[in-house]
$ cat start07.csv   # CSV, C-alpha atoms (C1' of nucleotides)
chain,number,residue,atom,x,y,z
K,1,MET,CA,141.3,169.5,42.5
K,2,PRO,CA,137.7,170.1,43.2
K,3,GLU,CA,135.5,167.5,44.7
K,4,LEU,CA,131.8,167.9,45.3
K,5,PRO,CA,132.0,170.5,48.1
K,6,GLU,CA,134.4,172.7,46.2
K,7,VAL,CA,132.2,172.5,43.1
K,8,GLU,CA,129.1,173.3,45.2
K,9,VAL,CA,130.9,176.4,46.6
K,10,VAL,CA,131.9,177.5,43.1
K,11,VAL,CA,128.3,177.0,41.9
K,12,LYS,CA,126.9,179.0,44.7
K,13,GLY,CA,129.3,181.8,43.9
K,14,LEU,CA,128.3,181.7,40.3
K,15,ARG,CA,124.7,181.9,41.2
K,16,LYS,CA,125.3,185.1,43.2
K,17,ALA,CA,127.4,186.6,40.4
K,18,LEU,CA,125.5,185.5,37.3
K,19,ILE,CA,121.8,185.0,37.8
K,20,GLY,CA,119.9,187.8,36.2
K,21,SER,CA,122.7,189.0,34.0
K,22,LYS,CA,123.0,188.6,30.2
K,23,ILE,CA,125.9,187.3,28.2
K,24,LEU,CA,127.3,189.9,25.7
K,25,GLU,CA,130.3,188.1,24.5
K,26,PHE,CA,131.7,184.5,24.8
K,27,LYS,CA,135.3,184.4,23.8
K,28,ILE,CA,137.4,181.2,23.5
K,29,ILE,CA,141.0,182.2,24.2
K,30,ASN,CA,142.3,178.7,24.0
K,31,LYS,CA,140.1,175.8,23.0
K,32,ASN,CA,142.5,173.1,24.0
K,33,LEU,CA,141.1,171.9,27.3
K,34,ARG,CA,140.5,168.3,28.0
K,35,TYR,CA,138.1,168.2,25.1
K,36,SER,CA,138.1,170.9,22.5
K,37,VAL,CA,135.7,173.8,23.5
K,38,PRO,CA,133.0,173.8,20.8
K,39,PHE,CA,133.5,176.8,18.6
K,40,GLU,CA,129.7,177.4,18.3
K,41,MET,CA,129.7,178.5,21.9
K,42,GLU,CA,131.1,181.9,20.8
K,43,GLN,CA,127.8,182.6,18.9
K,44,LEU,CA,125.3,180.4,20.7
K,45,TYR,CA,125.2,182.2,24.0
K,46,ILE,CA,125.3,185.8,22.9
K,47,LYS,CA,122.4,187.8,24.4
K,48,LYS,CA,121.2,184.9,26.5
K,49,ASN,CA,120.0,185.6,30.0
K,50,ILE,CA,121.5,183.5,32.8
K,51,LYS,CA,118.6,181.8,34.7
K,52,HIS,CA,120.3,179.5,37.1
K,53,VAL,CA,123.4,177.5,38.0
K,54,ILE,CA,123.1,173.9,39.2
K,55,ARG,CA,125.5,171.1,40.2
K,56,ARG,CA,125.4,167.4,39.7
K,57,GLY,CA,128.4,165.4,41.0
K,58,LYS,CA,131.4,167.4,40.2
K,59,TYR,CA,129.8,169.0,37.1
K,60,GLY,CA,128.2,172.5,37.0
K,61,ILE,CA,125.5,173.5,34.6
K,62,ILE,CA,124.7,177.2,33.7
K,63,LEU,CA,121.1,177.4,32.6
K,64,LEU,CA,120.2,180.0,30.0
K,65,ASP,CA,117.2,181.3,28.1
K,66,GLY,CA,116.3,179.0,25.3
K,67,ASN,CA,117.3,175.4,25.1
K,68,LYS,CA,121.1,175.5,24.9
K,69,HIS,CA,123.0,175.5,28.2
K,70,ILE,CA,126.6,175.3,29.4
K,71,VAL,CA,128.1,172.3,31.2
K,72,PHE,CA,131.5,172.7,32.9
K,73,HIS,CA,133.9,170.4,34.7
K,74,LEU,CA,136.8,171.9,36.6
K,75,GLY,CA,139.2,168.9,36.3
K,76,MET,CA,142.0,169.3,38.7
K,77,THR,CA,142.9,173.0,38.5
K,78,GLY,CA,139.9,174.8,36.8
K,79,LYS,CA,138.7,178.0,38.4
K,80,PHE,CA,136.4,180.9,37.7
K,81,LYS,CA,137.1,184.5,38.3
K,82,ILE,CA,134.8,187.5,38.3
K,83,SER,CA,136.3,190.8,37.6
K,84,SER,CA,135.4,194.2,36.2
K,85,LEU,CA,138.4,194.2,33.9
K,86,ASN,CA,138.9,192.2,30.8
K,87,ASN,CA,142.2,190.9,32.1
K,88,THR,CA,142.3,187.8,30.0
K,89,SER,CA,146.0,188.1,29.3
K,90,LEU,CA,146.7,186.1,32.5
K,91,LYS,CA,148.4,182.8,31.9
K,92,HIS,CA,146.1,179.8,31.6
K,93,ASP,CA,142.9,181.9,31.1
K,94,HIS,CA,141.0,179.9,28.4
K,95,ILE,CA,137.5,181.4,28.2
K,96,SER,CA,136.3,185.0,28.9
K,97,ILE,CA,132.6,185.8,29.1
K,98,LYS,CA,131.5,189.4,29.1
K,99,LEU,CA,128.3,190.2,31.0
K,100,ASN,CA,125.8,193.1,30.7
K,101,ASN,CA,126.6,194.3,34.2
K,102,GLY,CA,130.1,195.2,33.3
K,103,ALA,CA,131.7,192.1,34.8
K,104,PHE,CA,133.8,189.5,33.1
K,105,LEU,CA,133.7,185.8,34.0
K,106,THR,CA,137.0,184.1,33.2
K,107,TYR,CA,137.8,180.4,33.2
K,108,ASN,CA,141.4,179.6,34.2
K,109,ASP,CA,142.9,176.1,34.2
K,110,VAL,CA,146.6,175.4,34.6
K,111,ARG,CA,146.5,171.7,33.8
K,112,LYS,CA,143.7,171.8,31.3
K,113,PHE,CA,141.8,168.7,32.6
K,114,GLY,CA,138.6,170.7,32.8
K,115,TYR,CA,136.2,171.2,29.9
K,116,PHE,CA,133.1,172.9,28.6
K,117,GLU,CA,130.2,171.4,26.6
K,118,ILE,CA,126.8,172.3,25.2
K,119,ILE,CA,123.7,170.6,26.7
K,120,ASN,CA,120.2,170.9,25.3
K,121,SER,CA,116.9,171.0,27.2
K,122,PRO,CA,115.3,169.1,28.6
K,123,ILE,CA,118.1,168.1,31.0
K,124,ASP,CA,117.7,164.7,32.6
K,125,ILE,CA,119.5,165.6,35.8
K,126,SER,CA,119.1,162.2,37.5
K,127,ASN,CA,120.7,160.4,34.6
K,128,PHE,CA,123.2,163.1,33.7
K,129,LYS,CA,126.4,161.5,32.6
K,130,LYS,CA,125.2,158.2,34.2
K,131,LEU,CA,126.3,159.6,37.5
K,132,GLY,CA,125.6,157.8,40.7
K,133,ILE,CA,123.6,158.9,43.7
K,134,GLU,CA,123.9,162.5,44.9
K,135,PRO,CA,125.2,162.3,48.5
K,136,SER,CA,122.2,164.3,49.8
K,137,PHE,CA,119.9,161.5,48.8
K,138,LEU,CA,122.0,158.5,50.0
K,139,GLU,CA,119.6,157.4,52.7
K,140,TYR,CA,116.9,156.5,50.2
K,141,PHE,CA,119.3,154.2,48.3
K,142,GLU,CA,121.0,152.3,51.1
K,143,ASN,CA,119.6,148.9,50.1
K,144,ASP,CA,120.2,149.4,46.4
K,145,LEU,CA,123.8,150.5,46.9
K,146,TYR,CA,124.5,147.7,49.4
K,147,LYS,CA,123.4,145.1,46.8
K,148,LYS,CA,125.8,146.6,44.3
K,149,ILE,CA,128.7,146.8,46.7
K,150,LYS,CA,128.3,143.2,47.8
K,151,VAL,CA,129.4,141.9,44.3
K,152,LYS,CA,132.4,144.2,43.9
K,153,LYS,CA,135.9,142.9,44.4
K,154,LYS,CA,137.4,146.4,44.3
K,155,THR,CA,138.5,148.1,47.4
K,156,ILE,CA,136.0,150.3,49.2
K,157,LYS,CA,138.3,153.3,48.6
K,158,SER,CA,138.2,152.9,44.8
K,159,ILE,CA,134.4,152.2,45.0
K,160,LEU,CA,133.9,155.5,46.7
K,161,LEU,CA,135.9,157.2,43.9
K,162,ASP,CA,133.6,155.6,41.3
K,163,GLN,CA,131.4,158.5,40.1
K,164,ASN,CA,128.8,156.1,38.8
K,165,PHE,CA,128.3,154.7,42.3
K,166,ILE,CA,128.1,157.8,44.4
K,167,ALA,CA,128.7,161.1,42.6
K,168,GLY,CA,131.1,163.7,43.9
K,169,ILE,CA,133.6,162.0,46.1
K,170,GLY,CA,137.3,162.5,45.2
K,171,ASN,CA,140.6,161.4,46.6
K,172,ILE,CA,140.7,163.8,49.6
K,173,TYR,CA,137.3,163.1,50.9
K,174,ALA,CA,137.5,159.4,50.3
K,175,SER,CA,140.2,159.1,52.9
K,176,GLU,CA,138.4,161.5,55.2
K,177,ILE,CA,135.1,159.5,54.9
K,178,LEU,CA,136.7,156.2,55.6
K,179,PHE,CA,138.6,157.6,58.6
K,180,ASP,CA,135.3,159.0,60.0
K,181,ALA,CA,133.5,155.7,59.4
K,182,LYS,CA,136.4,153.6,60.9
K,183,ILE,CA,136.7,151.5,57.7
K,184,TYR,CA,140.0,150.0,56.4
K,185,PRO,CA,140.4,151.6,52.9
K,186,PHE,CA,141.6,148.4,51.2
K,187,LYS,CA,138.7,146.2,52.4
K,188,LYS,CA,137.0,144.7,49.3
K,189,GLY,CA,133.4,145.8,48.6
K,190,ASN,CA,132.1,142.3,49.0
K,191,ARG,CA,133.4,142.0,52.5
K,192,ILE,CA,131.8,145.2,53.9
K,193,SER,CA,129.2,144.5,56.5
K,194,LYS,CA,125.8,146.2,56.4
K,195,SER,CA,126.5,148.1,59.5
K,196,SER,CA,129.9,149.3,58.2
K,197,PHE,CA,128.2,150.3,55.0
K,198,LYS,CA,125.6,152.3,56.9
K,199,ARG,CA,128.4,154.2,58.7
K,200,ILE,CA,130.1,154.9,55.3
K,201,LEU,CA,126.9,156.5,54.0
K,202,VAL,CA,126.4,158.6,57.2
K,203,SER,CA,130.0,159.7,57.1
K,204,THR,CA,129.8,160.6,53.5
K,205,LYS,CA,127.0,163.0,54.1
K,206,LYS,CA,128.5,164.4,57.2
K,207,ILE,CA,132.0,165.0,55.8
K,208,LEU,CA,130.8,166.5,52.5
K,209,ASN,CA,128.2,168.8,54.2
K,210,LYS,CA,130.8,170.0,56.7
K,211,ALA,CA,133.2,170.8,53.9
K,212,ILE,CA,130.5,172.8,52.0
K,213,LEU,CA,129.7,174.8,55.2
K,214,LYS,CA,133.4,175.6,55.6
K,215,GLY,CA,133.7,176.7,52.0
K,216,GLY,CA,135.7,173.7,50.7
K,217,VAL,CA,139.3,172.6,51.0
K,218,THR,CA,142.3,174.5,49.8
K,219,ILE,CA,145.5,172.7,49.4
K,220,LYS,CA,147.1,174.4,46.5
K,221,ASP,CA,145.1,175.2,43.5
K,222,TYR,CA,141.5,175.7,44.7
K,223,GLN,CA,140.0,179.1,44.6
K,224,ASN,CA,136.4,180.1,45.2
K,225,ILE,CA,134.6,182.3,42.8
K,226,THR,CA,135.7,185.6,44.2
K,227,GLY,CA,139.3,184.7,43.8
K,228,ASP,CA,140.0,184.5,47.5
K,229,LEU,CA,142.4,181.7,48.0
K,230,GLY,CA,141.3,179.3,50.7
K,231,TYR,CA,139.9,181.7,53.2
K,232,PHE,CA,137.9,178.9,54.7
K,233,GLN,CA,140.3,176.0,55.1
K,234,ILE,CA,138.5,172.9,56.3
K,235,SER,CA,140.5,170.8,58.7
K,236,LEU,CA,141.4,167.4,57.3
K,237,LYS,CA,141.8,164.6,59.8
K,238,VAL,CA,143.9,162.1,57.8
K,239,TYR,CA,144.6,163.4,54.3
K,240,GLY,CA,148.1,164.8,54.0
K,241,ARG,CA,149.0,163.8,57.6
K,242,GLU,CA,151.4,161.0,56.8
K,243,GLY,CA,153.7,160.3,59.8
K,244,LEU,CA,151.7,162.5,62.1
K,245,ALA,CA,149.7,161.3,65.2
K,246,CYS,CA,146.2,160.1,64.6
K,247,LEU,CA,143.8,162.6,66.1
K,248,LYS,CA,141.9,159.8,67.8
K,249,CYS,CA,144.5,157.3,69.0
K,250,LYS,CA,148.0,158.9,68.5
K,251,ASN,CA,149.1,156.1,66.2
K,252,LEU,CA,151.0,157.3,63.2
K,253,ILE,CA,149.0,158.0,60.0
K,254,ILE,CA,150.0,155.8,57.1
K,255,LYS,CA,150.2,156.9,53.4
K,256,SER,CA,149.8,154.2,50.8
K,257,GLN,CA,150.4,154.8,47.1
K,258,SER,CA,148.7,152.9,44.3
K,259,GLY,CA,148.0,153.8,40.7
K,260,GLY,CA,149.5,157.2,41.3
K,261,ARG,CA,146.9,158.0,44.0
K,262,SER,CA,147.5,158.3,47.7
K,263,THR,CA,145.4,156.9,50.5
K,264,TYR,CA,145.8,158.1,54.1
K,265,TYR,CA,144.6,156.1,57.0
K,266,CYS,CA,145.1,155.0,60.6
K,267,ASN,CA,145.6,151.2,60.9
K,268,ILE,CA,144.4,151.2,64.5
K,269,CYS,CA,141.2,153.2,64.1
K,270,GLN,CA,140.3,151.8,60.7
K,271,LYS,CA,139.9,148.1,61.2
K,272,ASN,CA,136.3,147.5,60.1
H,273,DC,C1',135.0,140.5,32.0
H,274,DG,C1',136.8,143.5,36.1
H,275,DA,C1',140.7,145.7,38.2
H,276,DA,C1',145.0,148.2,38.0
H,277,DA,C1',148.0,151.2,35.7
H,278,DA,C1',149.1,154.7,32.4
H,279,DA,C1',147.9,158.8,30.0
H,280,DC,C1',146.4,163.6,29.5
H,281,DC,C1',149.1,168.7,31.3
H,282,DT,C1',151.6,172.1,34.0
H,283,DG,C1',153.9,173.9,38.1
H,284,DG,C1',155.9,173.5,42.6
H,285,DC,C1',159.1,171.6,45.5
H,286,DA,C1',162.8,168.5,47.4
H,287,DG,C1',167.3,166.9,46.6
H,288,DC,C1',171.6,167.0,44.4
U,289,DT,C1',171.5,178.6,40.2
U,290,DG,C1',170.0,174.8,37.6
U,291,DC,C1',168.7,170.3,36.6
U,292,DT,C1',166.0,165.9,37.7
U,293,DG,C1',162.4,163.4,39.4
U,294,DC,C1',158.3,163.2,41.9
U,295,DC,C1',153.9,164.8,43.4
U,296,DA,C1',149.1,167.0,42.8
U,297,DG,C1',142.2,167.2,44.6
U,298,DG,C1',139.9,164.0,37.9
U,299,DT,C1',138.6,161.0,34.4
U,300,DT,C1',139.3,158.2,30.3
U,301,DT,C1',142.0,154.8,27.9
U,302,DT,C1',145.0,151.1,27.8
U,303,DT,C1',146.9,147.0,29.7
U,304,DC,C1',146.9,142.9,32.4
$ encode --input "start07.csv" --output "structure tokens"
Amino acid sequence: MPELPEVEVVVKGLRKALIGSKILEFKIINKNLRYSVPFEMEQLYIKKNIKHVIRRGKYGIILLDGNKHIVFHLGMTGKFKISSLNNTSLKHDHISIKLNNGAFLTYNDVRKFGYFEIINSPIDISNFKKLGIEPSFLEYFENDLYKKIKVKKKTIKSILLDQNFIAGIGNIYASEILFDAKIYPFKKGNRISKSSFKRILVSTKKILNKAILKGGVTIKDYQNITGDLGYFQISLKVYGREGLACLKCKNLIIKSQSGGRSTYYCNICQKN
DNA sequence: CGAAAAACCTGGCAGC
DNA sequence: TGCTGCCAGGTTTTTC
């Protein structure tokens, strides 16, 4: 589900709701997420103050007093809810955190691809999970990244999905970025020209920033922190528009399937 | 070795 | 109404 913009929106929501409050109870309702939720979490975070919430790639980190912090990944369907009631009986609620301001923070995840883990200070954020460059810093790494891409035989689409290359791009925005940059998604990395590559980096920043400003994309499962479903729906230009007219040239948008993943593109506009 | 496909899990929806 | 098969925004593991 959530790519960088959606995680950023969630993290901003968590900052508003959590910073300055204290954890009174950390309850694991169901530990069976992608990885087993560490049982120590139930004791570890009691009476800790929440100092900050940060994002790296598609990961969120809740920073607490002391040197033990919370890492989360939303997988495909993970979401947080803030409520004044301890309504943890809802289906697919897996973790419930009681705060000293009377609120409950609940983690809900239908498909259970998300997970939680403990991280110790000091946190090396630039090497966190060996993730690639944050999109907001791309311009400083253009030459580095171009050197790397020049030896890759993978398609540019799958390179963009590689979290250790650039962090945070997922399947929706990969299609959107390549449409914006006018790049054929199945072009191999080693055949991308320098000027094409520059356009990809510019489009990456542009598309992701725009998505953050609009509050992220909502197709089915994504919810922001307040639980409002998709009240800011960003407009997608190619993703999900199979058979519809390209917004630039009226040619029909193509959907291509491989490895259980869809790629949408215009074969007139995306020839570079 | 790198690249492609399968696996993890659940729900929604189209088609019969 | 009910069953089957396919699809879904992520990432790791397995296979080629």
$ interface_residues --input "start07.csv" --of "chain H" --to "chain K" --cutoff "12 Å" --atoms "all atoms listed in the file" --output "PyMOL selection string"
chain H and resi 274-284
$ interface_residues --input "start07.csv" --of "chain U" --to "chain K" --cutoff "9 Å" --atoms "all atoms listed in the file" --output "JSON, numbers by chain"
{"U": [296, 297, 298, 299]}
$ atom_distance --input "start07.csv" --atom1 "atom CA of K:Cys249" --atom2 "atom CA of K:Ile268"
7.6 Å
$ atom_distance --input "start07.csv" --atom1 "atom CA of K:Leu90" --atom2 "atom CA of K:Glu42"
19.9 Å
$ residues_around --input "start07.csv" --residues "K:Lys248" --least-positions-apart "5" --cutoff "12 Å" --atoms "all atoms listed in the file" --output "PyMOL selection string"
chain K and resi 179-180+182+237-238+253+265-270
$ residues_around --input "start07.csv" --residues "K:Leu131" --least-positions-apart "6" --cutoff "10 Å" --atoms "only C-alpha atoms (C1' of nucleotides)" --output "PyMOL selection string"
chain K and resi 56-58+125+162-168
$ residues_near_point --input "start07.csv" --point "(127.0, 158.4, 59.0)" --cutoff "12 Å" --atoms "all atoms listed in the file" --output "PyMOL selection string"
chain K and resi 135-136+138-139+142+177-183+195-209
$ write_last_selection --input "start07.csv" --atoms "C-alpha atoms" --output "PDB file, in the coordinates of the input"
ATOM      1  CA  PRO K 135     125.200 162.300  48.500  1.00  0.00           C
ATOM      2  CA  SER K 136     122.200 164.300  49.800  1.00  0.00           C
ATOM      3  CA  LEU K 138     122.000 158.500  50.000  1.00  0.00           C
ATOM      4  CA  GLU K 139     119.600 157.400  52.700  1.00  0.00           C
ATOM      5  CA  GLU K 142     121.000 152.300  51.100  1.00  0.00           C
ATOM      6  CA  ILE K 177     135.100 159.500  54.900  1.00  0.00           C
ATOM      7  CA  LEU K 178     136.700 156.200  55.600  1.00  0.00           C
ATOM      8  CA  PHE K 179     138.600 157.600  58.600  1.00  0.00           C
ATOM      9  CA  ASP K 180     135.300 159.000  60.000  1.00  0.00           C
ATOM     10  CA  ALA K 181     133.500 155.700  59.400  1.00  0.00           C
ATOM     11  CA  LYS K 182     136.400 153.600  60.900  1.00  0.00           C
ATOM     12  CA  ILE K 183     136.700 151.500  57.700  1.00  0.00           C
ATOM     13  CA  SER K 195     126.500 148.100  59.500  1.00  0.00           C
ATOM     14  CA  SER K 196     129.900 149.300  58.200  1.00  0.00           C
ATOM     15  CA  PHE K 197     128.200 150.300  55.000  1.00  0.00           C
ATOM     16  CA  LYS K 198     125.600 152.300  56.900  1.00  0.00           C
ATOM     17  CA  ARG K 199     128.400 154.200  58.700  1.00  0.00           C
ATOM     18  CA  ILE K 200     130.100 154.900  55.300  1.00  0.00           C
ATOM     19  CA  LEU K 201     126.900 156.500  54.000  1.00  0.00           C
ATOM     20  CA  VAL K 202     126.400 158.600  57.200  1.00  0.00           C
ATOM     21  CA  SER K 203     130.000 159.700  57.100  1.00  0.00           C
ATOM     22  CA  THR K 204     129.800 160.600  53.500  1.00  0.00           C
ATOM     23  CA  LYS K 205     127.000 163.000  54.100  1.00  0.00           C
ATOM     24  CA  LYS K 206     128.500 164.400  57.200  1.00  0.00           C
ATOM     25  CA  ILE K 207     132.000 165.000  55.800  1.00  0.00           C
ATOM     26  CA  LEU K 208     130.800 166.500  52.500  1.00  0.00           C
ATOM     27  CA  ASN K 209     128.200 168.800  54.200  1.00  0.00           C
TER      28      ASN K 209
END
$ residues_near_point --input "start07.csv" --point "(138.8, 169.7, 22.2)" --cutoff "12 Å" --atoms "all atoms listed in the file" --output "short mmCIF file (atom, residue, chain, number, x, y, z; two decimals) with C-alpha atoms, keeping the file's coordinate frame"
data_model
loop_
_atom_site.label_atom_id
_atom_site.label_comp_id
_atom_site.auth_asym_id
_atom_site.auth_seq_id
_atom_site.Cartn_x
_atom_site.Cartn_y
_atom_site.Cartn_z
CA ILE K 28 137.40 181.20 23.50
CA ASN K 30 142.30 178.70 24.00
CA LYS K 31 140.10 175.80 23.00
CA ASN K 32 142.50 173.10 24.00
CA LEU K 33 141.10 171.90 27.30
CA ARG K 34 140.50 168.30 28.00
CA TYR K 35 138.10 168.20 25.10
CA SER K 36 138.10 170.90 22.50
CA VAL K 37 135.70 173.80 23.50
CA PRO K 38 133.00 173.80 20.80
CA PHE K 39 133.50 176.80 18.60
CA LYS K 112 143.70 171.80 31.30
CA PHE K 113 141.80 168.70 32.60
CA GLY K 114 138.60 170.70 32.80
CA TYR K 115 136.20 171.20 29.90
CA PHE K 116 133.10 172.90 28.60
CA GLU K 117 130.20 171.40 26.60
#
$ atom_distance --input "start07.csv" --atom1 "atom CA of K:Ala211" --atom2 "atom CA of K:Pro5"
5.9 Å
$ residues_around --input "start07.csv" --residues "U:DT292" --least-positions-apart "3" --cutoff "12 Å" --atoms "all atoms listed in the file" --output "PyMOL selection string"
chain H and resi 285-288
$ build_atoms --input "start07.csv" --residues "stretch 137-163 of chain K" --atoms "N, CA and C atoms" --output "PDB file, keeping the file's coordinate frame"
ATOM      1  N   PHE K 137     121.016 162.400  48.845  1.00  0.00           N
ATOM      2  CA  PHE K 137     119.900 161.500  48.800  1.00  0.00           C
ATOM      3  C   PHE K 137     120.265 160.039  49.208  1.00  0.00           C
ATOM      4  N   LEU K 138     121.448 159.891  49.768  1.00  0.00           N
ATOM      5  CA  LEU K 138     122.000 158.500  50.000  1.00  0.00           C
ATOM      6  C   LEU K 138     121.040 157.661  50.855  1.00  0.00           C
ATOM      7  N   GLU K 139     120.376 158.247  51.832  1.00  0.00           N
ATOM      8  CA  GLU K 139     119.600 157.400  52.700  1.00  0.00           C
ATOM      9  C   GLU K 139     118.451 156.662  52.026  1.00  0.00           C
ATOM     10  N   TYR K 140     118.035 157.197  50.886  1.00  0.00           N
ATOM     11  CA  TYR K 140     116.900 156.500  50.200  1.00  0.00           C
ATOM     12  C   TYR K 140     117.422 155.372  49.297  1.00  0.00           C
ATOM     13  N   PHE K 141     118.731 155.221  49.171  1.00  0.00           N
ATOM     14  CA  PHE K 141     119.300 154.200  48.300  1.00  0.00           C
ATOM     15  C   PHE K 141     120.176 153.209  48.961  1.00  0.00           C
ATOM     16  N   GLU K 142     120.084 153.180  50.278  1.00  0.00           N
ATOM     17  CA  GLU K 142     121.000 152.300  51.100  1.00  0.00           C
ATOM     18  C   GLU K 142     120.935 150.864  50.610  1.00  0.00           C
ATOM     19  N   ASN K 143     119.740 150.325  50.458  1.00  0.00           N
ATOM     20  CA  ASN K 143     119.600 148.900  50.100  1.00  0.00           C
ATOM     21  C   ASN K 143     120.124 148.628  48.676  1.00  0.00           C
ATOM     22  N   ASP K 144     119.743 149.517  47.753  1.00  0.00           N
ATOM     23  CA  ASP K 144     120.200 149.400  46.400  1.00  0.00           C
ATOM     24  C   ASP K 144     121.743 149.378  46.311  1.00  0.00           C
ATOM     25  N   LEU K 145     122.350 150.360  46.985  1.00  0.00           N
ATOM     26  CA  LEU K 145     123.800 150.500  46.900  1.00  0.00           C
ATOM     27  C   LEU K 145     124.496 149.324  47.592  1.00  0.00           C
ATOM     28  N   TYR K 146     123.899 148.844  48.666  1.00  0.00           N
ATOM     29  CA  TYR K 146     124.500 147.700  49.400  1.00  0.00           C
ATOM     30  C   TYR K 146     124.534 146.463  48.509  1.00  0.00           C
ATOM     31  N   LYS K 147     123.448 146.267  47.762  1.00  0.00           N
ATOM     32  CA  LYS K 147     123.400 145.100  46.800  1.00  0.00           C
ATOM     33  C   LYS K 147     124.518 145.209  45.817  1.00  0.00           C
ATOM     34  N   LYS K 148     124.744 146.411  45.319  1.00  0.00           N
ATOM     35  CA  LYS K 148     125.800 146.600  44.300  1.00  0.00           C
ATOM     36  C   LYS K 148     127.184 146.347  44.895  1.00  0.00           C
ATOM     37  N   ILE K 149     127.401 146.851  46.084  1.00  0.00           N
ATOM     38  CA  ILE K 149     128.700 146.800  46.700  1.00  0.00           C
ATOM     39  C   ILE K 149     129.079 145.325  47.047  1.00  0.00           C
ATOM     40  N   LYS K 150     128.061 144.540  47.314  1.00  0.00           N
ATOM     41  CA  LYS K 150     128.300 143.200  47.800  1.00  0.00           C
ATOM     42  C   LYS K 150     128.889 142.271  46.668  1.00  0.00           C
ATOM     43  N   VAL K 151     128.821 142.693  45.413  1.00  0.00           N
ATOM     44  CA  VAL K 151     129.400 141.900  44.300  1.00  0.00           C
ATOM     45  C   VAL K 151     130.685 142.497  43.786  1.00  0.00           C
ATOM     46  N   LYS K 152     131.163 143.542  44.395  1.00  0.00           N
ATOM     47  CA  LYS K 152     132.400 144.200  43.900  1.00  0.00           C
ATOM     48  C   LYS K 152     133.623 143.673  44.608  1.00  0.00           C
ATOM     49  N   LYS K 153     134.664 143.413  43.785  1.00  0.00           N
ATOM     50  CA  LYS K 153     135.900 142.900  44.400  1.00  0.00           C
ATOM     51  C   LYS K 153     136.926 144.074  44.527  1.00  0.00           C
ATOM     52  N   LYS K 154     136.513 145.246  44.107  1.00  0.00           N
ATOM     53  CA  LYS K 154     137.400 146.400  44.300  1.00  0.00           C
ATOM     54  C   LYS K 154     137.451 146.815  45.734  1.00  0.00           C
ATOM     55  N   THR K 155     138.464 147.604  46.083  1.00  0.00           N
ATOM     56  CA  THR K 155     138.500 148.100  47.400  1.00  0.00           C
ATOM     57  C   THR K 155     137.472 149.187  47.662  1.00  0.00           C
ATOM     58  N   ILE K 156     137.075 149.336  48.924  1.00  0.00           N
ATOM     59  CA  ILE K 156     136.000 150.300  49.200  1.00  0.00           C
ATOM     60  C   ILE K 156     136.506 151.737  48.849  1.00  0.00           C
ATOM     61  N   LYS K 157     137.800 151.994  48.986  1.00  0.00           N
ATOM     62  CA  LYS K 157     138.300 153.300  48.600  1.00  0.00           C
ATOM     63  C   LYS K 157     138.055 153.575  47.105  1.00  0.00           C
ATOM     64  N   SER K 158     138.357 152.593  46.244  1.00  0.00           N
ATOM     65  CA  SER K 158     138.200 152.900  44.800  1.00  0.00           C
ATOM     66  C   SER K 158     136.669 152.841  44.455  1.00  0.00           C
ATOM     67  N   ILE K 159     135.859 152.128  45.227  1.00  0.00           N
ATOM     68  CA  ILE K 159     134.400 152.200  45.000  1.00  0.00           C
ATOM     69  C   ILE K 159     133.875 153.587  45.289  1.00  0.00           C
ATOM     70  N   LEU K 160     134.371 154.179  46.367  1.00  0.00           N
ATOM     71  CA  LEU K 160     133.900 155.500  46.700  1.00  0.00           C
ATOM     72  C   LEU K 160     134.349 156.558  45.634  1.00  0.00           C
ATOM     73  N   LEU K 161     135.455 156.273  44.956  1.00  0.00           N
ATOM     74  CA  LEU K 161     135.900 157.200  43.900  1.00  0.00           C
ATOM     75  C   LEU K 161     135.149 157.010  42.599  1.00  0.00           C
ATOM     76  N   ASP K 162     134.368 155.928  42.497  1.00  0.00           N
ATOM     77  CA  ASP K 162     133.600 155.600  41.300  1.00  0.00           C
ATOM     78  C   ASP K 162     132.409 156.589  41.189  1.00  0.00           C
ATOM     79  N   GLN K 163     132.442 157.507  40.225  1.00  0.00           N
ATOM     80  CA  GLN K 163     131.400 158.500  40.100  1.00  0.00           C
ATOM     81  C   GLN K 163     130.049 157.962  39.713  1.00  0.00           C
TER      82      GLN K 163
END
